[in-house]
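Just below is one structure, and these are the notes that go with it.
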Amino acid sequence: MGGLQGFHNYTHLPWWASIILSTILMRGLLTFPLAVFQQYIMAKVENLKPEMEELVKELKKEMAVAIKKYNWDLKYARNVYSRSAQKIWRGLILRENCHPFKATVLLWVQIPLWVALSMSFRNMASMMPHQDALAQVVFMELSTGGLAWIPNLTDVDHSLILPIVMGVTNLIITEVNVLSRVDTGSRLQSFATNLFRFISVAIIPISATVPSCITLYWVTSSVCALVQNLALMHPSVKRACGVPIAPSEQPHPYQHIRNQFIKKLSRRNKQEKEEEEEEETEVSQKEEKELKKQERSFSLSDRNKGWTKR
């Protein structure tokens with residue numbers, strides 16, 4: 001909280017500009033290098049997979065020879081194969097110094113930073129933890145340091161513009177990550193995608209109840225994350241940041257996302273047409289059945305009339 005106040009006093013900017021600028025700087029100086037490091041580790045791990053596949057083929061041949069030579073049973077051979085494969089993989093990871101856990105460093109920094117800044121803005125907007133003279137001054141500055149439709153940054157955004165923008169931005173981030181994939185993804189990835197979609201929608205009513213200074217920080221952070229993800233998809237940006245070429249890298253990532261989006265829309269339209277056709281066939285079948293029932297009832301009534309005349 002003291003760092004945010006010091007940055008505001010140093011720049012002499014209104015609070016809305018200080019929030020946006022400080023968020024961009026922290027994103028650029030802290031999370032962007034960690035995102036580059038994450039891409040670097042993931043690319044190196046992916047580049048090890050072809051070599052691992054070749055070593056696994058050789059290992060299978062050795063296991064087949066060992067089974068015949070030493071009369072190993074199938075269970076023991078599987079255990080030896082599993083331990084040997086794990087040892088080979090660990091050796092490759094140590095050789096390249098690219099343990100997959102290192103790719104999670106971004107989360108361990110980004111999440112605590114997001115929580116800490118959110119709590120700092122909440123404390124400043126509610127004069128916490130001490131309602132002294134400095135807290136009152138910061139509160140008054142936030143009350144008059146807004147912009148346009150949010151002149152008071154200690155109040156909620158009654159227009160719901162910022163909450164909706166934040167929800168839509170987070171949904172775009174999720175969908176871009178899905179569309180940028182080369183494969184279909186595992187069940188765990190699909191579960192995580194649906195979870196992020198739910199969180200993106202659920203956070204809209206939550207952000208509508210907090211001070212607009214917090215929502216402004218959340219929106220700025222989400223927009224920076226979207227720009228950062230899109231930038232790190234481009235091969236030239238990756239090469240400039242020292243990220244090696246990986247087999248899954250797309251030479252034209254934005255065109256790939258566009259094509260995947262069009263395919264997704266065409267599939268949905270096709271499914272909707274098929275559902276409409278199925279509904280139409282069901283309705284026509286029901287109408288045919290009703291017509292047949294009516295014809296049968298008419299024929300029975302005609303027969304009954306004939307018998308009565310006789």
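FYI, nothing fancy with the structure tokens labels: chains A, B, ... in order, residues from 1 per chain, ligands from 1 as they appear.
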
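Residues in contact with region 234-236 of chain A at 12 Å, where only C-alpha atoms are counted and same-chain residues fewer than 3 positions away are skipped, are listed as Gln39, Ser180, Val227, Gln228, Asn229, Leu230, Ala231, Arg239, Ala240, Cys241, Gly242, Val243, Pro244, Ile245, Ala246, Ser248, Glu249, Gln250, Pro251, His252, Pro253, Tyr254, Gln255, His256 and Ile257 of chain A.
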
Please list as a PyMOL selection string every residue within 8 Å of region 62-65 of chain A, counting only C-alpha atoms and excluding residues in the same chain fewer than 4 positions away. chain A and resi 58+69+77+81

Prev. selection, all heavy atoms, output as a CSV table (one decimal), in the first residue's frame:
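Once everything was written out, this is result-v1.csv:
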```csv
chain,number,residue,atom,x,y,z
A,58,GLU,N,14.4,-47.9,-27.9
A,58,GLU,CA,15.6,-48.7,-27.5
A,58,GLU,C,15.4,-49.5,-26.2
A,58,GLU,O,15.8,-50.6,-26.1
A,58,GLU,CB,16.8,-47.8,-27.5
A,58,GLU,CG,17.2,-47.1,-28.8
A,58,GLU,CD,17.6,-48.2,-29.8
A,58,GLU,OE1,18.2,-49.2,-29.4
A,58,GLU,OE2,17.4,-47.9,-31.0
A,69,LYS,N,16.2,-63.5,-22.2
A,69,LYS,CA,17.5,-64.0,-21.7
A,69,LYS,C,17.5,-64.4,-20.2
A,69,LYS,O,18.1,-65.4,-19.8
A,69,LYS,CB,18.5,-62.9,-21.9
A,69,LYS,CG,20.0,-63.3,-21.5
A,69,LYS,CD,20.9,-62.1,-21.9
A,69,LYS,CE,22.4,-62.5,-21.6
A,69,LYS,NZ,23.3,-61.5,-21.9
A,77,ALA,N,9.1,-57.2,-15.5
A,77,ALA,CA,9.6,-56.5,-16.6
A,77,ALA,C,9.0,-55.1,-16.7
A,77,ALA,O,9.6,-54.1,-17.1
A,77,ALA,CB,9.4,-57.2,-17.9
A,81,TYR,N,10.9,-51.6,-16.6
A,81,TYR,CA,10.8,-50.6,-17.7
A,81,TYR,C,10.3,-49.3,-17.2
A,81,TYR,O,10.8,-48.2,-17.6
A,81,TYR,CB,9.7,-51.2,-18.7
A,81,TYR,CG,9.3,-50.2,-19.7
A,81,TYR,CD1,10.1,-49.9,-20.9
A,81,TYR,CD2,8.1,-49.5,-19.6
A,81,TYR,CE1,9.7,-49.0,-21.8
A,81,TYR,CE2,7.7,-48.6,-20.6
A,81,TYR,CZ,8.5,-48.4,-21.7
A,81,TYR,OH,8.1,-47.5,-22.6
```

For region 195-208 of chain A, work out the shell of residues within 9 Å, counting only C-alpha atoms and skipping chain neighbours fewer than 5 positions away, then give it as a ChimeraX atom specification. /A:156-158,160,162-171,174-175,190,214-215,218

What are the nearest atom pairs, with distances in Å to one decimal, for all residues of region 199-299 of chain A that come at most 8 Å from region 135-153 of chain A, using only C-alpha atoms, set out by chain and rising residue number as JSON lines?
```
{"residue": "A:Pro211", "atom": "CA", "partner": "A:Leu153", "partner_atom": "CA", "distance": 6.2}
{"residue": "A:Ser212", "atom": "CA", "partner": "A:Leu153", "partner_atom": "CA", "distance": 5.0}
{"residue": "A:Cys213", "atom": "CA", "partner": "A:Leu153", "partner_atom": "CA", "distance": 4.8}
```

Running DSSP on the backbone, which parts of region 131-305 of chain A land in alpha helix (DSSP H), as number ranges by chain? A: 133-144, 161-179, 187-207, 212-231, 235-240, 253-305

Considering only C-alpha atoms, return as a ChimeraX atom specification whatever protein or nucleic-acid residues lie within 10 Å of region 40-45 of chain A, sequence-local ones (same chain, fewer than 3 positions apart) excluded. /A:34-37,48-49,92-93,96-104,238,241-249

Between A:Gln131, A:Ser186, A:Thr154, A:Ser118, single out the one closest to Trp16 (chain A), counting only C-alpha atoms. A:Thr154

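Closest approach to Asn259 (chain A) from the set A:Val176, A:Ser159, A:Tyr70, A:Lys286 is made by A:Val176, with distances taken over only C-alpha atoms.
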
Find the residues around Leu13 (chain A) up to 12 Å (only C-alpha atoms counted), leave out those fewer than 4 positions away in its own chain, and share them as a PyMOL selection string. chain A and resi 4-9+17-22+141-142+145-146

Enter the distance from CA of Phe121 (chain A) to CA of Trp108 (chain A), in Å, rounded to one decimal.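 Computing it gives 20.8 Å between the two atoms.
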
When you draw a straight line from CA of Arg122 (chain A) to CA of Thr31 (chain A), how long is it in Å?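 Computing it gives 22.1 Å between the two atoms.
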